[in-house]
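Below is one structure; the comments refer to it alone.
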Amino acid sequence: MGYNRVRFNNFRNIEPREIKWSPGLNLLTGPNGSGKTNILEGINIVSGWGPLERGTRSSSLPTWNSGTSEIQLTGQLNDENGEIIKVKISSRYTIKIEEETITATDLRWKIPVLSFLPNDMSIIEGSSVFRRRLMDMVLTLIVPVYASRLHDYRRGIKQKTAILRNGGRTDLIDRALLPLASWIWKMREEVLVMISESMKDMSGLIAHPTEISLLRGGSGSLPLPEEDFRYSLKINKTREEVLKVPVVGPHRDDMLITTNGTPAALSLSRGFRRRVAVALILAAAEGVKRKLGKNPVLLLDEITAELDSEGRNILFCALLERKTQVFASTAEPFTESFPGRLYGVDSGRVDIINEN
Ligand SMILES: Nc1ncnc2c1ncn2[C@@H]1O[C@H](COP(=O)(O)OP(=O)(O)OP(=O)(O)O)[C@@H](O)[C@H]1O
Ligand SMILES: [Mg+2]
């Protein structure tokens, strides 16, 4: 599963030419600002996920000074039908597959993609936002209604914040949030069990057994999600009223990552934290494959930063073993050992350097 070729018209600094891809590993190399991340973003958009960073405005995507705001991104799938996906962005998004309109959700199932951005490398020691992003990305792929329920939950939390700021009563909104919050906890716990299982096969990448579990936001004293949410709201009522923010619920969730029983953020060197981060995304990909029966395409931006040559080689072997299409980028000039197809990116122009 993946792309044969893509073409991006009027998209950021990328030249409007056809780019052909290997069904295996593809590595984009080039100096800072050449357009490597933009290529990965184009692939993310053509796969139904939209821009890589949440909150990116559509108006920032058309090539500057092009005189038009219309963008067209085209990708041909490398399955036996070679279907063509077209995403047009102007005042609105339209997604077509073989000229038939398709929703972003349906497209994401058709061609599952997992993306890993430079900030995600801080998944071990950085903000809980990165850990929630991983859980949400995987769940969006494997549970059809997850994205819309998460959206409803976030909207409810916004409303609750407004009520708390105005000093109002939150009983009604809490009642509406209860089924959503407890369902999201259940889903996140299940997905972490799935990823934990797959982490056991990552021993080449990580030296020690690594466990992950969910830390329910502002909660966790009772096992059943519903009871836990209700009870935690009760004991945090005054705190929420004083702080004027909701402190209980999945928007505050975190993931506990331990190696040999110690939090990985404390016990691992930076390089090894990065290896665990990479192992997590590969384990997530394995989980998605088992659930959907399709191997997700991987978008890995600046994947080799801070890995030593042994770490890079282990990573490349692990990627090869996944037998999936990978689009990776690096600004480092080390590419001789890369077991896939190499591309040079220069001012938005992409050229094949070697055909592996
Ligand atoms: N809408 C746009 N039109 C034209 N150029 C754009 C647009 N948006 C961004 N750019 C340009 O794209 C370039 C950034 O590209 P990108 O982030 O893909 O670089 P990169 O190769 O990933 O660099 P790095 O190695 O620093 O991550 C910037 O130089 C920016 O000026
Ligand atoms: Mg970049």
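Simple scheme: letters A, B, ... for chains in structure tokens order, numbers from 1 for residues in each chain, numbers from 1 for ligands in the order shown.
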Query raised in the report: ligand 1: which residues are within 7 Å, counting only C-alpha atoms and all ligand atoms, as a ChimeraX atom specification?
Result: /A:11-13,30-39,60-64,330-331
Report task. Within 10 Å of Gly204 in chain A, counting only C-alpha atoms, which residues show up once you throw out same-chain ones fewer than 6 positions away? Write them as a PyMOL selection string, please. Result -> chain A and resi 275+279+311+314-315+317-318
Query - Within 12 Å of range 124-129 of chain A using only C-alpha atoms, minus same-chain residues under 2 positions, as a ChimeraX atom specification - result: /A:54,118-122,131-137,210,212,214-217,250-259,263-280
Hey, can you spit out that residue selection with C-alpha atoms as a short mmCIF file (atom, residue, chain, number, x, y, z; two decimals), in the first residue's frame?
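This went into result_25.cif:
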```cif
data_model
loop_
_atom_site.label_atom_id
_atom_site.label_comp_id
_atom_site.auth_asym_id
_atom_site.auth_seq_id
_atom_site.Cartn_x
_atom_site.Cartn_y
_atom_site.Cartn_z
CA ARG A 54 -2.66 21.31 13.65
CA PRO A 118 10.45 16.34 14.74
CA ASN A 119 8.58 17.36 17.91
CA ASP A 120 7.25 13.82 18.28
CA MET A 121 10.83 12.81 18.99
CA SER A 122 10.24 14.48 22.36
CA ARG A 131 1.84 11.39 23.61
CA ARG A 132 -1.85 12.16 23.11
CA ARG A 133 -1.15 12.87 19.41
CA LEU A 134 0.21 9.34 18.94
CA MET A 135 -2.80 7.71 20.64
CA ASP A 136 -5.26 9.89 18.70
CA MET A 137 -3.59 9.33 15.34
CA THR A 210 9.47 -0.91 27.63
CA ILE A 212 3.36 1.98 28.32
CA LEU A 214 -2.47 5.48 30.28
CA LEU A 215 -2.51 8.04 33.07
CA ARG A 216 -6.11 9.24 33.06
CA GLY A 217 -6.21 13.05 33.22
CA PRO A 250 -8.96 12.87 28.54
CA HIS A 251 -7.76 16.37 27.53
CA ARG A 252 -5.36 16.01 30.49
CA ASP A 253 -4.35 12.40 29.75
CA ASP A 254 -0.78 11.29 29.63
CA MET A 255 1.07 8.12 28.83
CA LEU A 256 3.49 6.54 31.30
CA ILE A 257 6.49 5.10 29.46
CA THR A 258 8.81 2.96 31.57
CA THR A 259 11.89 0.88 30.82
CA PRO A 263 10.25 6.26 33.76
CA ALA A 264 12.07 6.33 30.41
CA ALA A 265 12.47 10.12 30.58
CA LEU A 266 14.65 9.71 33.68
CA SER A 267 16.64 6.60 32.87
CA LEU A 268 17.49 6.87 29.16
CA SER A 269 20.09 8.93 27.30
CA ARG A 270 18.82 11.27 24.57
CA GLY A 271 19.81 8.88 21.78
CA PHE A 272 18.01 6.00 23.48
CA ARG A 273 14.94 8.14 24.14
CA ARG A 274 14.89 8.76 20.40
CA ARG A 275 15.16 5.04 19.72
CA VAL A 276 12.20 4.37 22.04
CA ALA A 277 10.28 7.13 20.21
CA VAL A 278 10.97 5.44 16.87
CA ALA A 279 10.06 2.04 18.35
CA LEU A 280 6.73 3.49 19.49
#
```
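One finds CA of Gly344 in chain A at 24.0 Å from CA of Arg322 in chain A.
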**Report entry** Residues near Asn9 in chain A, cut-off 12 Å, only C-alpha atoms, skip fewer than 3 positions along chain, as number ranges by chain
**Finding:** A: 6, 12-19, 39, 42, 61-63, 66, 68-75, 86-89, 348
Keeping only C-alpha atoms, write those residues as a PDB file, in the first residue's frame.
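part-v9.pdb written:
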```
ATOM      1  CA  VAL A   6       2.540  12.312  -6.820  1.00  0.00           C
ATOM      2  CA  ARG A  12       4.161  25.710  -1.071  1.00  0.00           C
ATOM      3  CA  ASN A  13       7.637  25.861  -2.679  1.00  0.00           C
ATOM      4  CA  ILE A  14       7.339  22.484  -4.482  1.00  0.00           C
ATOM      5  CA  GLU A  15       7.853  22.426  -8.266  1.00  0.00           C
ATOM      6  CA  PRO A  16       4.746  21.193 -10.127  1.00  0.00           C
ATOM      7  CA  ARG A  17       6.337  18.047 -11.585  1.00  0.00           C
ATOM      8  CA  GLU A  18       5.630  14.360 -11.243  1.00  0.00           C
ATOM      9  CA  ILE A  19       7.662  12.639  -8.525  1.00  0.00           C
ATOM     10  CA  ILE A  39       6.776  17.060   0.394  1.00  0.00           C
ATOM     11  CA  GLY A  42       1.718  17.122   0.573  1.00  0.00           C
ATOM     12  CA  LEU A  61      -0.478  26.487   1.479  1.00  0.00           C
ATOM     13  CA  PRO A  62      -0.642  28.031  -2.058  1.00  0.00           C
ATOM     14  CA  THR A  63       2.718  29.021  -3.544  1.00  0.00           C
ATOM     15  CA  SER A  66       1.390  32.568  -7.700  1.00  0.00           C
ATOM     16  CA  THR A  68      -4.094  31.882  -7.435  1.00  0.00           C
ATOM     17  CA  SER A  69      -5.203  30.264  -4.227  1.00  0.00           C
ATOM     18  CA  GLU A  70      -6.185  26.964  -5.837  1.00  0.00           C
ATOM     19  CA  ILE A  71      -3.991  23.966  -5.016  1.00  0.00           C
ATOM     20  CA  GLN A  72      -4.230  20.533  -6.562  1.00  0.00           C
ATOM     21  CA  LEU A  73      -2.462  17.528  -5.065  1.00  0.00           C
ATOM     22  CA  THR A  74      -2.558  14.268  -6.994  1.00  0.00           C
ATOM     23  CA  GLY A  75      -1.357  10.839  -5.977  1.00  0.00           C
ATOM     24  CA  LYS A  86      -7.063  14.250  -6.245  1.00  0.00           C
ATOM     25  CA  VAL A  87      -7.317  16.773  -3.454  1.00  0.00           C
ATOM     26  CA  LYS A  88      -8.308  20.303  -4.440  1.00  0.00           C
ATOM     27  CA  ILE A  89      -8.053  23.104  -1.940  1.00  0.00           C
ATOM     28  CA  GLY A 348      11.415  22.750  -4.109  1.00  0.00           C
TER      29      GLY A 348
END
```
